[in-house]
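Undergrad: Structure below; questions to follow.
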Amino acid sequence: MAEPAPPTSQRLRPPDGLWRRRVASFGHAFRGVWAALRSEVHLQFHALATVVVIGLGFYCNLTRLEWALVALAIASVWAAELVNTAIEALTDLASPAYHPLAGKAKDVAAGAVLLAALGALVVGALVFGPHVLAGRQ
C-alpha cells in the first residue's frame with residue numbers, strides 16, 4: 001500500500017538547504033562584481049559614469065520609460081564589461097603565453113563592451129538630449 005501524501009505545507013516546502021544555496025549564489029555574484037570593480041579600471045569608469053547618469057536622470061526628472069531605457073543601457077554595459085573581465089581572466093589562465101586565438105577571444109569580448117557602450121551612448125543622447133536642449137532655450 002502506498003504511503004499517504006505529506007501535508008500540503010510539506011509538499012510545497014523546498015528541499016533543505018535550497019534557500020541557503022540561493023542566497024549564497026547571490027553572495028558569490030556580488031563578490032564577483034566587487035572583485036571586478038576593484039581590479040578593472042574600465043569598470044571603475046563605468047561606475048563613475050553610472051553615478052553621473054543617475055544624478056543627471058534625477059536632475060532631468062526622467063519619466064518611467066526614460067528610466068527604464070537608461071537602466072537597460074547601464075545594465076548592458078556592466079554585463080558586457082563583467083563578461084569581458086571573465087573572458088580575459090579565463091583566457092589568461094588557459095593561455096599564459098601569447099596565442100592568436102587567445103588574442104582573438106579578448107578582442108571579441110572587448111568589442112562586445114564597445115558595442116554596448118556605443119548603444120548606451122545612443123540611448124543617453126536620445127533620452128537626455130531633449131532635456132538638455134529644452135534647458136538651453
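Order determines the names: the first chain of the C-alpha cells is A, the second B, and so forth; residues in each chain are numbered 1 upward, and ligands are numbered 1 upward as they are shown.
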Hey, what does DSSP flag as helix (DSSP H, G or I) within chain A? Can you give it to me as an NGL selection string?

TA: :A and (8-12 or 18-39 or 41-60 or 64-94 or 100-136)

Undergrad: Considering only C-alpha atoms, return as a ChimeraX atom specification whatever protein or nucleic-acid residues lie within 12 Å of segment 41-54 of chain A, sequence-local ones (same chain, fewer than 5 positions apart) excluded.

TA: /A:33-36,59-62,66-85,110,113-114,116-117,120-121,123-125,127-128

Undergrad: Let me make sure I understand: among A:Leu18, A:Ala109, A:Val23, A:Val132, which one has the smallest atom-to-atom distance to Thr91 of chain A if we use only C-alpha atoms?

TA: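 Of all the options, A:Ala109 lies closest to Thr91 of chain A.
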